[in-house]
file start-v7.txt (compact mmCIF, C-alpha atoms)
# COMPACT_ATOMS: atom_id res chain seq x y z
CA MET M 126 104.64 -86.54 156.89
CA ARG M 127 105.14 -84.79 153.57
CA PRO M 128 103.85 -86.57 150.47
CA GLY M 129 106.66 -88.44 148.75
CA SER M 130 108.72 -88.88 151.95
CA PRO M 131 109.65 -92.38 153.16
CA GLY M 132 106.78 -94.20 154.77
CA THR M 133 104.10 -92.42 152.72
CA SER M 134 102.44 -93.38 149.47
CA LEU M 135 100.70 -91.29 146.88
CA PRO M 136 97.06 -91.96 145.95
CA GLY M 137 96.84 -94.54 143.19
CA SER M 138 100.47 -95.60 143.58
CA ALA M 139 99.44 -99.28 143.74
CA ALA M 140 97.70 -98.92 140.40
CA PHE M 141 100.81 -97.34 138.88
CA ALA M 142 102.96 -100.14 140.28
CA ASP M 143 100.77 -102.79 138.65
CA ASP M 144 100.84 -101.12 135.25
CA VAL M 145 103.08 -102.59 132.54
CA PRO M 146 104.33 -100.74 129.45
CA ARG M 147 101.95 -101.04 126.58
CA ARG M 148 103.39 -102.61 123.43
CA LEU M 149 103.20 -100.27 120.49
CA TYR M 150 102.26 -101.82 117.19
CA ALA M 151 102.03 -100.20 113.82
CA ASP M 152 100.69 -102.04 110.82
CA PRO M 153 103.60 -102.07 108.31
CA GLY M 154 101.29 -102.46 105.39
CA VAL M 155 101.17 -105.00 102.59
CA PRO M 156 104.38 -103.88 100.77
CA ASP M 157 106.49 -104.11 103.93
CA ARG M 158 105.06 -107.52 104.80
CA VAL M 159 105.73 -108.79 101.30
CA PHE M 160 109.30 -107.45 101.41
CA ARG M 161 109.91 -109.03 104.82
CA ALA M 162 108.60 -112.37 103.59
CA VAL M 163 110.75 -112.24 100.46
CA ALA M 164 113.87 -111.30 102.45
CA ARG M 165 113.32 -114.09 104.96
CA SER M 166 112.65 -116.57 102.18
CA GLY M 167 115.84 -115.54 100.39
CA GLY M 168 117.92 -115.91 103.54
CA GLY M 169 116.35 -119.25 104.36
CA PHE M 170 116.90 -120.46 100.79
CA VAL M 171 120.62 -119.59 100.95
CA LEU M 172 121.01 -121.46 104.23
CA ALA M 173 119.09 -124.42 102.85
CA VAL M 174 121.32 -124.59 99.76
CA MET M 175 124.44 -124.44 101.94
CA LEU M 176 123.15 -127.25 104.15
CA LEU M 177 122.21 -129.32 101.11
CA VAL M 178 125.66 -128.90 99.59
CA GLY M 179 127.35 -129.87 102.84
CA GLY M 180 125.00 -132.80 103.35
CA PHE M 181 125.54 -134.05 99.80
CA LEU M 182 129.33 -133.91 100.17
CA LEU M 183 129.21 -135.65 103.54
CA LEU M 184 126.90 -138.36 102.21
CA ARG M 185 129.10 -139.08 99.20
CA ALA M 186 132.28 -138.89 101.32
CA TRP M 187 131.06 -141.14 104.12
CA GLN M 188 132.38 -144.36 102.56
CA ALA M 189 135.93 -142.99 102.38
CA LEU M 190 135.76 -141.28 105.77
CA ASP M 191 134.47 -144.42 107.41
CA ARG M 192 137.40 -146.46 106.09
CA ALA M 193 140.13 -143.86 106.69
CA GLY M 194 138.97 -142.54 110.06
CA TRP M 195 141.09 -139.84 111.66
CA SER M 196 144.08 -140.87 109.53
CA PHE M 197 142.36 -138.99 106.70
CA LEU M 198 143.64 -135.78 108.29
CA THR M 199 147.20 -137.02 108.95
CA THR M 200 148.09 -139.13 105.90
CA ALA M 201 150.01 -137.39 103.11
CA ALA M 202 149.79 -140.06 100.39
CA TRP M 203 146.88 -140.21 97.98
CA GLN M 204 146.23 -143.83 96.99
CA PRO M 205 142.52 -144.39 97.66
CA ASP M 206 142.28 -147.74 95.88
CA THR M 207 144.89 -149.22 98.22
CA GLY M 208 143.39 -147.64 101.33
CA ASN M 209 146.36 -145.29 101.89
CA PHE M 210 145.02 -141.78 101.43
CA GLY M 211 144.63 -138.52 103.31
CA ILE M 212 144.63 -134.75 102.91
CA ALA M 213 147.62 -133.77 105.06
CA ALA M 214 149.80 -132.86 102.07
CA ILE M 215 147.13 -131.24 99.92
CA LEU M 216 145.74 -129.33 102.90
CA VAL M 217 149.18 -127.88 103.67
CA GLY M 218 149.61 -126.93 100.01
CA THR M 219 146.17 -125.31 99.90
CA VAL M 220 146.83 -123.21 102.98
CA LEU M 221 150.33 -122.16 101.85
CA ILE M 222 149.12 -121.08 98.40
CA ALA M 223 146.32 -119.07 100.01
CA LEU M 224 148.71 -117.43 102.50
CA VAL M 225 151.15 -116.44 99.75
CA ALA M 226 148.23 -115.03 97.77
CA ILE M 227 146.96 -112.98 100.71
CA THR M 228 150.46 -111.73 101.53
CA VAL M 229 150.72 -110.38 97.99
CA ALA M 230 147.13 -109.22 97.51
CA VAL M 231 146.41 -107.33 100.75
CA PRO M 232 149.12 -104.62 100.49
CA LEU M 233 148.36 -104.17 96.78
CA ALA M 234 144.62 -103.95 97.38
CA LEU M 235 145.00 -101.63 100.38
CA GLY M 236 147.20 -99.20 98.46
CA ALA M 237 144.89 -99.21 95.44
CA ALA M 238 141.78 -98.73 97.60
CA LEU M 239 143.30 -95.79 99.48
CA TYR M 240 144.44 -94.13 96.26
CA ILE M 241 141.04 -94.54 94.57
CA SER M 242 139.00 -93.33 97.56
CA GLU M 243 141.29 -90.59 98.91
CA TYR M 244 143.76 -89.35 96.30
CA ALA M 245 142.51 -89.99 92.76
CA PRO M 246 140.71 -87.16 90.89
CA ALA M 247 136.99 -87.71 90.34
CA ARG M 248 137.28 -88.53 86.62
CA LEU M 249 140.20 -90.92 87.14
CA ARG M 250 138.43 -92.45 90.15
CA ARG M 251 135.49 -93.59 88.05
CA THR M 252 137.83 -95.14 85.50
CA LEU M 253 139.86 -96.96 88.14
CA ILE M 254 136.72 -98.31 89.82
CA SER M 255 135.58 -99.75 86.49
CA VAL M 256 139.00 -101.26 85.80
CA VAL M 257 139.18 -102.92 89.22
CA ASP M 258 135.66 -104.32 88.84
CA LEU M 259 136.54 -105.66 85.39
CA MET M 260 139.67 -107.32 86.76
CA ALA M 261 137.55 -109.08 89.37
CA ALA M 262 135.39 -110.47 86.55
CA VAL M 263 138.26 -111.91 84.48
CA PRO M 264 137.97 -115.75 84.32
CA SER M 265 140.50 -117.68 86.36
CA VAL M 266 141.70 -119.61 83.31
CA VAL M 267 142.96 -116.34 81.84
CA TYR M 268 145.02 -115.69 84.97
CA GLY M 269 146.31 -119.25 84.73
CA LEU M 270 147.43 -118.80 81.14
CA TRP M 271 149.07 -115.49 82.04
CA GLY M 272 150.90 -117.18 84.89
CA VAL M 273 152.11 -120.11 82.78
CA PHE M 274 153.27 -118.21 79.71
CA PHE M 275 154.40 -114.89 81.19
CA LEU M 276 154.74 -114.62 84.95
CA GLU M 277 156.56 -117.86 85.69
CA GLY M 278 159.53 -117.07 83.46
CA LYS M 279 159.76 -113.51 84.79
CA VAL M 280 159.59 -114.42 88.47
CA LEU M 281 162.15 -117.27 88.52
CA PRO M 282 165.11 -114.90 89.08
CA THR M 283 163.25 -113.37 92.01
CA ALA M 284 162.59 -116.81 93.49
CA ARG M 285 166.25 -117.69 93.08
CA TRP M 286 167.34 -114.45 94.75
CA ILE M 287 165.03 -115.09 97.72
CA ALA M 288 166.36 -118.65 98.08
CA THR M 289 169.96 -117.43 97.86
CA TYR M 290 169.79 -114.69 100.48
CA LEU M 291 166.86 -115.84 102.63
CA GLY M 292 167.33 -119.57 102.32
CA TRP M 293 168.36 -119.75 105.98
CA ILE M 294 164.66 -119.31 106.75
CA PRO M 295 163.19 -122.83 106.53
CA VAL M 296 160.16 -121.83 104.47
CA PHE M 297 162.43 -120.29 101.77
CA GLU M 298 164.86 -123.19 101.63
CA VAL M 299 165.10 -125.10 98.32
CA ASP M 300 166.41 -128.65 98.31
CA GLY M 301 168.82 -129.38 95.45
CA ALA M 302 169.60 -125.73 94.68
CA ASP M 303 173.20 -124.48 94.93
CA PRO M 304 173.13 -120.69 95.41
CA ARG M 305 176.88 -120.51 94.77
CA ASP M 306 176.56 -121.96 91.26
CA PRO M 307 175.43 -119.29 88.79
CA LEU M 308 174.81 -121.95 86.12
CA ALA M 309 172.51 -124.07 88.28
CA PRO M 310 169.21 -124.77 86.48
CA GLU M 311 166.13 -122.87 87.57
CA THR M 312 163.77 -125.82 87.12
CA VAL M 313 163.78 -126.39 90.89
CA TYR M 314 161.86 -123.11 91.25
CA THR M 315 159.14 -123.80 88.66
CA SER M 316 155.56 -124.92 89.47
CA SER M 317 155.99 -123.86 93.07
CA THR M 318 153.72 -122.62 95.81
CA PHE M 319 155.24 -119.17 95.38
CA ILE M 320 154.30 -118.86 91.70
CA ALA M 321 150.81 -120.26 92.23
CA GLY M 322 150.31 -117.90 95.18
CA LEU M 323 151.35 -114.90 93.08
CA VAL M 324 148.80 -115.70 90.39
CA VAL M 325 146.02 -116.34 92.90
CA GLY M 326 147.00 -113.12 94.67
CA MET M 327 146.50 -111.19 91.43
CA MET M 328 143.07 -112.80 91.17
CA VAL M 329 141.82 -111.96 94.66
CA ALA M 330 143.37 -108.47 94.87
CA PRO M 331 140.53 -106.78 92.88
CA ILE M 332 137.90 -108.37 95.13
CA ILE M 333 139.66 -107.21 98.30
CA CYS M 334 140.26 -103.76 96.78
CA SER M 335 136.57 -103.30 95.92
CA ILE M 336 135.47 -104.11 99.47
CA MET M 337 138.09 -101.86 101.09
CA ARG M 338 137.37 -98.98 98.75
CA GLU M 339 133.63 -99.17 99.46
CA VAL M 340 134.23 -99.12 103.22
CA PHE M 341 136.77 -96.29 103.06
CA SER M 342 134.34 -94.14 101.07
CA GLN M 343 131.77 -94.45 103.90
CA ALA M 344 134.02 -92.88 106.54
CA PRO M 345 132.05 -90.02 108.21
CA ALA M 346 132.58 -86.69 106.48
CA GLY M 347 132.29 -84.81 109.79
CA GLU M 348 135.21 -86.71 111.29
CA ARG M 349 137.27 -86.14 108.16
CA GLU M 350 136.63 -82.38 108.36
CA GLY M 351 137.29 -82.40 112.10
CA ALA M 352 140.69 -83.99 111.55
CA TYR M 353 141.56 -81.35 108.94
CA ALA M 354 140.33 -78.59 111.28
CA LEU M 355 142.73 -79.84 113.95
CA GLY M 356 145.63 -79.47 111.53
CA ALA M 357 145.98 -83.05 110.28
CA THR M 358 147.51 -83.72 106.89
CA ARG M 359 145.71 -85.97 104.43
CA TRP M 360 147.74 -88.97 105.55
CA GLY M 361 147.10 -88.00 109.16
CA MET M 362 143.38 -87.90 108.46
CA ILE M 363 143.54 -91.30 106.77
CA ARG M 364 145.51 -92.78 109.66
CA SER M 365 143.25 -91.37 112.37
CA VAL M 366 139.80 -91.55 110.70
CA VAL M 367 139.61 -93.68 107.55
CA LEU M 368 141.72 -96.66 108.58
CA PRO M 369 140.17 -97.08 112.06
CA PHE M 370 136.68 -96.76 110.58
CA GLY M 371 137.45 -99.23 107.79
CA LYS M 372 139.15 -101.82 109.99
CA GLY M 373 136.21 -104.20 109.81
CA GLY M 374 136.00 -103.90 106.04
CA MET M 375 139.72 -104.49 105.70
CA ILE M 376 139.53 -107.66 107.78
CA GLY M 377 136.35 -108.82 106.06
CA GLY M 378 137.78 -108.22 102.59
CA THR M 379 140.97 -110.04 103.50
CA MET M 380 139.09 -113.03 104.86
CA LEU M 381 136.80 -113.10 101.82
CA GLY M 382 139.87 -113.07 99.58
CA LEU M 383 141.37 -115.86 101.69
CA GLY M 384 138.24 -117.96 101.21
CA ARG M 385 138.43 -117.32 97.46
CA ALA M 386 142.10 -118.27 97.37
CA LEU M 387 141.49 -121.51 99.27
CA GLY M 388 139.06 -122.72 96.64
CA GLU M 389 140.81 -121.61 93.45
CA THR M 390 141.02 -124.49 90.96
CA ILE M 391 141.90 -123.87 87.32
CA ALA M 392 144.71 -121.35 87.72
CA VAL M 393 146.42 -123.47 90.39
CA PHE M 394 145.85 -126.65 88.37
CA MET M 395 147.59 -125.10 85.36
CA LEU M 396 150.58 -123.88 87.35
CA ILE M 397 151.58 -126.48 89.92
CA SER M 398 153.33 -129.82 89.72
CA PRO M 399 151.33 -132.08 92.08
CA VAL M 400 153.23 -133.89 94.82
CA PHE M 401 151.72 -135.84 97.68
CA THR M 402 154.24 -135.08 100.37
CA VAL M 403 154.05 -132.29 102.91
CA GLN M 404 155.93 -129.51 101.10
CA TRP M 405 156.75 -126.58 103.39
CA HIS M 406 159.24 -124.94 101.00
CA VAL M 407 157.22 -122.37 99.09
CA LEU M 408 159.93 -121.68 96.49
CA GLN M 409 160.57 -125.30 95.59
CA SER M 410 158.93 -127.06 92.67
CA GLY M 411 155.97 -129.20 93.59
CA THR M 412 152.88 -128.57 95.65
CA SER M 413 149.20 -129.47 95.62
CA SER M 414 145.78 -128.20 96.63
CA VAL M 415 142.41 -129.75 97.32
CA SER M 416 140.64 -128.15 94.38
CA SER M 417 143.38 -129.01 91.87
CA LEU M 418 143.44 -132.60 93.15
CA ILE M 419 139.72 -132.94 92.47
CA ALA M 420 140.12 -131.46 88.98
CA LEU M 421 143.07 -133.76 88.26
CA ARG M 422 141.62 -137.07 89.48
CA TYR M 423 137.88 -136.71 88.96
CA GLY M 424 137.74 -138.01 85.40
CA GLU M 425 139.59 -141.27 86.12
CA ALA M 426 138.28 -141.94 89.64
CA SER M 427 136.71 -145.24 90.64
CA GLU M 428 133.67 -145.32 92.90
CA PHE M 429 135.74 -145.37 96.08
CA SER M 430 138.25 -142.85 94.73
CA LEU M 431 135.34 -140.55 93.95
CA SER M 432 134.18 -140.89 97.55
CA ALA M 433 137.70 -139.94 98.70
CA LEU M 434 137.62 -136.86 96.45
CA MET M 435 134.25 -135.92 97.91
CA ALA M 436 135.80 -136.22 101.37
CA ALA M 437 138.56 -133.83 100.35
CA GLY M 438 135.94 -131.45 98.96
CA PHE M 439 133.97 -131.66 102.20
CA ALA M 440 137.09 -130.73 104.17
CA LEU M 441 137.63 -127.71 101.93
CA PHE M 442 133.94 -126.78 102.31
CA VAL M 443 134.19 -126.84 106.11
CA MET M 444 137.45 -124.86 106.10
CA THR M 445 135.95 -122.19 103.83
CA LEU M 446 132.87 -121.91 106.03
CA ILE M 447 135.03 -121.42 109.11
CA VAL M 448 136.98 -118.64 107.39
CA ASN M 449 133.80 -116.87 106.23
CA PHE M 450 132.05 -117.15 109.59
CA ALA M 451 135.14 -115.79 111.34
CA ALA M 452 135.18 -112.85 108.93
CA SER M 453 131.48 -112.16 109.52
CA SER M 454 131.96 -112.20 113.27
CA ILE M 455 134.90 -109.80 113.13
CA VAL M 456 133.17 -107.39 110.76
CA ALA M 457 129.95 -107.37 112.83
CA ARG M 458 131.90 -106.23 115.90
CA SER M 459 133.70 -103.45 114.07
CA ARG M 460 132.53 -99.89 113.65
CA SER M 461 132.31 -100.06 109.86
CA GLY M 462 130.44 -103.35 110.07
CA ALA M 463 127.95 -101.88 112.54
CA ALA M 464 127.49 -98.86 110.31
CA SER M 465 126.95 -100.96 107.24
CA ASP M 466 124.35 -103.05 109.00
CA ALA M 467 122.32 -100.02 110.08

call {"tool": "encode", "arguments": {"input": "start-v7.txt", "output": "structure tokens"}}
result
Amino acid sequence: MRPGSPGTSLPGSAAFADDVPRRLYADPGVPDRVFRAVARSGGGFVLAVMLLVGGFLLLRAWQALDRAGWSFLTTAAWQPDTGNFGIAAILVGTVLIALVAITVAVPLALGAALYISEYAPARLRRTLISVVDLMAAVPSVVYGLWGVFFLEGKVLPTARWIATYLGWIPVFEVDGADPRDPLAPETVYTSSTFIAGLVVGMMVAPIICSIMREVFSQAPAGEREGAYALGATRWGMIRSVVLPFGKGGMIGGTMLGLGRALGETIAVFMLISPVFTVQWHVLQSGTSSVSSLIALRYGEASEFSLSALMAAGFALFVMTLIVNFAASSIVARSRSGAASDA
């Protein structure tokens, strides 16, 4: 038989079969070991702080959660001292305000990010980047004051128009408003979910825009040039290269903005009129949120009421964690997320 044919074996083949790949090891050196230890310590410290915050909230909230049970998630009233309390109403208000904010902020942030990264001249681009970053650093109380003294009065006619022509949609319906009466007061539209959502949307738009712009600027130059070489226009290149590449960043920025909107306190507290009923009508006066409830009732809370507020804060903490983990998972599976991790 010829060597290598079935039924034959080469000399030393048994030795080769028993061999295992040798593990390669290179000493990274003292600087790399120090950096690795510092990075691991930083990551572990962040996780430890998060666990401590969650554990503290759960410990302080346990008294209220133990008394309320599962009704804590289904009760709309907030009367802790009488035992009738829950987060159904304030949770709905929190989610609706955040959804209105994201609905307003995402298109605005997407358009601004595309203009800055793809259309703006270099000198103007640097200025716009600085302006957007400065807007993200403006304190929330300033946005709240702007919303109370400027935006609310300007946006009431818009809210009335939406209720008049789109009131057949349940979410835009306003109880007590007569669209056929031009002299009807506009007070039914003040301090609403819609106005609070607009202000919060203006707050989170710079954050979302910064993330999207950074991801769009990392789109591969070779693919951009290839799209132009195939005859694509600038918008065609953006649609076929930049937007698909930046999908993960767009989703991650949106979810990060959503998490920020869920926890906004001062601006919402200054704008809304708290009600403890499930309020689905976003244009109608009266809403609530978890963070504004805590800011409103913390100073006058009894021991048990404080435990109930801690329970509401723990629910908001868990909801924010879920949103952020979902965003991280989506971004990690995307092309831009994989590129940014490399």

call {"tool": "atom_distance", "arguments": {"input": "start-v7.txt", "atom1": "CA of Ser317 (chain M)", "atom2": "CA of Leu421 (chain M)"}}
result
17.0 Å

call {"tool": "atom_distance", "arguments": {"input": "start-v7.txt", "atom1": "CA of Gly218 (chain M)", "atom2": "CA of Met435 (chain M)"}}
result
17.9 Å

call {"tool": "residues_around", "arguments": {"input": "start-v7.txt", "residues": "Ala321 (chain M)", "least_positions_apart": "3", "cutoff": "7 Å", "atoms": "only C-alpha atoms", "output": "ChimeraX atom specification"}}
result
/M:222,317-318,324-325,393,396-397

call {"tool": "closest_atom_pairs", "arguments": {"input": "start-v7.txt", "of": "region 198-236 of chain M", "to": "region 399-410 of chain M", "cutoff": "6 Å", "atoms": "only C-alpha atoms", "output": "Markdown table"}}
result
| residue | atom | partner | partner_atom | distance |
| --- | --- | --- | --- | --- |
| M:Ala201 | CA | M:Thr402 | CA | 5.5 |
| M:Ala202 | CA | M:Phe401 | CA | 5.4 |
| M:Ala214 | CA | M:Val403 | CA | 4.4 |

call {"tool": "residues_around", "arguments": {"input": "start-v7.txt", "residues": "Leu418 (chain M)", "least_positions_apart": "3", "cutoff": "12 Å", "atoms": "all atoms listed in the file", "output": "ChimeraX atom specification"}}
result
/M:203,211-212,214-216,218-219,388-391,393-395,397-401,412-415,421-426,430-431,433-438,441

call {"tool": "closest_residue", "arguments": {"input": "start-v7.txt", "among": "M:Ser342, M:Ile455, M:Gly411, M:Val366", "to": "Asp300 (chain M)", "atoms": "all atoms listed in the file"}}
result
M:Gly411

call {"tool": "closest_residue", "arguments": {"input": "start-v7.txt", "among": "M:Asp191, M:Glu277, M:Glu298, M:Glu348", "to": "Glu311 (chain M)", "atoms": "all atoms listed in the file"}}
result
M:Glu277

call {"tool": "atom_distance", "arguments": {"input": "start-v7.txt", "atom1": "CA of Val257 (chain M)", "atom2": "CA of Pro331 (chain M)"}}
result
5.5 Å

call {"tool": "closest_residue", "arguments": {"input": "start-v7.txt", "among": "M:Ile336, M:Ala193, M:Ala344, M:Leu183", "to": "Ile254 (chain M)", "atoms": "only C-alpha atoms"}}
result
M:Ile336

call {"tool": "decode", "arguments": {"input": "start-v7.txt", "residues": "region 405-426 of chain M", "atoms": "N, CA and C atoms", "output": "PDB file, in the first residue's frame"}}
result
ATOM      1  N   TRP M 405     -54.742  58.345  31.021  1.00  0.00           N
ATOM      2  CA  TRP M 405     -54.241  57.942  29.702  1.00  0.00           C
ATOM      3  C   TRP M 405     -54.259  59.092  28.696  1.00  0.00           C
ATOM      4  N   HIS M 406     -54.965  60.173  28.998  1.00  0.00           N
ATOM      5  CA  HIS M 406     -55.121  61.280  28.055  1.00  0.00           C
ATOM      6  C   HIS M 406     -53.934  62.225  28.188  1.00  0.00           C
ATOM      7  N   VAL M 407     -53.049  62.199  27.216  1.00  0.00           N
ATOM      8  CA  VAL M 407     -51.784  62.929  27.341  1.00  0.00           C
ATOM      9  C   VAL M 407     -51.976  64.436  27.234  1.00  0.00           C
ATOM     10  N   LEU M 408     -53.069  64.905  26.645  1.00  0.00           N
ATOM     11  CA  LEU M 408     -53.282  66.335  26.477  1.00  0.00           C
ATOM     12  C   LEU M 408     -54.049  66.952  27.635  1.00  0.00           C
ATOM     13  N   GLN M 409     -54.586  66.146  28.495  1.00  0.00           N
ATOM     14  CA  GLN M 409     -55.440  66.640  29.574  1.00  0.00           C
ATOM     15  C   GLN M 409     -54.620  66.997  30.800  1.00  0.00           C
ATOM     16  N   SER M 410     -55.070  68.034  31.509  1.00  0.00           N
ATOM     17  CA  SER M 410     -54.369  68.475  32.699  1.00  0.00           C
ATOM     18  C   SER M 410     -54.343  67.378  33.754  1.00  0.00           C
ATOM     19  N   GLY M 411     -53.192  67.225  34.388  1.00  0.00           N
ATOM     20  CA  GLY M 411     -53.058  66.257  35.459  1.00  0.00           C
ATOM     21  C   GLY M 411     -52.323  65.005  35.058  1.00  0.00           C
ATOM     22  N   THR M 412     -51.248  64.731  35.729  1.00  0.00           N
ATOM     23  CA  THR M 412     -50.491  63.501  35.536  1.00  0.00           C
ATOM     24  C   THR M 412     -49.580  63.348  36.749  1.00  0.00           C
ATOM     25  N   SER M 413     -48.728  62.371  36.740  1.00  0.00           N
ATOM     26  CA  SER M 413     -47.794  62.183  37.841  1.00  0.00           C
ATOM     27  C   SER M 413     -46.643  61.319  37.352  1.00  0.00           C
ATOM     28  N   SER M 414     -45.594  61.289  38.154  1.00  0.00           N
ATOM     29  CA  SER M 414     -44.446  60.429  37.863  1.00  0.00           C
ATOM     30  C   SER M 414     -43.817  60.006  39.186  1.00  0.00           C
ATOM     31  N   VAL M 415     -43.057  58.948  39.134  1.00  0.00           N
ATOM     32  CA  VAL M 415     -42.458  58.413  40.356  1.00  0.00           C
ATOM     33  C   VAL M 415     -41.499  59.419  40.977  1.00  0.00           C
ATOM     34  N   SER M 416     -40.634  59.983  40.162  1.00  0.00           N
ATOM     35  CA  SER M 416     -39.621  60.899  40.703  1.00  0.00           C
ATOM     36  C   SER M 416     -40.253  62.167  41.270  1.00  0.00           C
ATOM     37  N   SER M 417     -41.267  62.710  40.583  1.00  0.00           N
ATOM     38  CA  SER M 417     -41.919  63.914  41.106  1.00  0.00           C
ATOM     39  C   SER M 417     -42.706  63.611  42.377  1.00  0.00           C
ATOM     40  N   LEU M 418     -43.275  62.415  42.478  1.00  0.00           N
ATOM     41  CA  LEU M 418     -43.968  62.029  43.708  1.00  0.00           C
ATOM     42  C   LEU M 418     -43.007  62.015  44.891  1.00  0.00           C
ATOM     43  N   ILE M 419     -41.823  61.447  44.689  1.00  0.00           N
ATOM     44  CA  ILE M 419     -40.842  61.409  45.767  1.00  0.00           C
ATOM     45  C   ILE M 419     -40.421  62.825  46.168  1.00  0.00           C
ATOM     46  N   ALA M 420     -40.190  63.697  45.182  1.00  0.00           N
ATOM     47  CA  ALA M 420     -39.814  65.071  45.492  1.00  0.00           C
ATOM     48  C   ALA M 420     -40.934  65.821  46.197  1.00  0.00           C
ATOM     49  N   LEU M 421     -42.179  65.507  45.869  1.00  0.00           N
ATOM     50  CA  LEU M 421     -43.325  66.205  46.447  1.00  0.00           C
ATOM     51  C   LEU M 421     -43.602  65.771  47.879  1.00  0.00           C
ATOM     52  N   ARG M 422     -43.497  64.481  48.166  1.00  0.00           N
ATOM     53  CA  ARG M 422     -43.934  63.949  49.458  1.00  0.00           C
ATOM     54  C   ARG M 422     -42.795  63.636  50.424  1.00  0.00           C
ATOM     55  N   TYR M 423     -41.570  63.758  50.014  1.00  0.00           N
ATOM     56  CA  TYR M 423     -40.469  63.321  50.880  1.00  0.00           C
ATOM     57  C   TYR M 423     -40.385  64.150  52.158  1.00  0.00           C
ATOM     58  N   GLY M 424     -40.539  65.452  52.049  1.00  0.00           N
ATOM     59  CA  GLY M 424     -40.344  66.314  53.207  1.00  0.00           C
ATOM     60  C   GLY M 424     -41.358  66.122  54.305  1.00  0.00           C
ATOM     61  N   GLU M 425     -42.567  65.706  53.976  1.00  0.00           N
ATOM     62  CA  GLU M 425     -43.644  65.572  54.958  1.00  0.00           C
ATOM     63  C   GLU M 425     -43.988  64.118  55.258  1.00  0.00           C
ATOM     64  N   ALA M 426     -43.164  63.172  54.818  1.00  0.00           N
ATOM     65  CA  ALA M 426     -43.502  61.757  54.931  1.00  0.00           C
ATOM     66  C   ALA M 426     -43.243  61.246  56.342  1.00  0.00           C
TER      67      ALA M 426
END
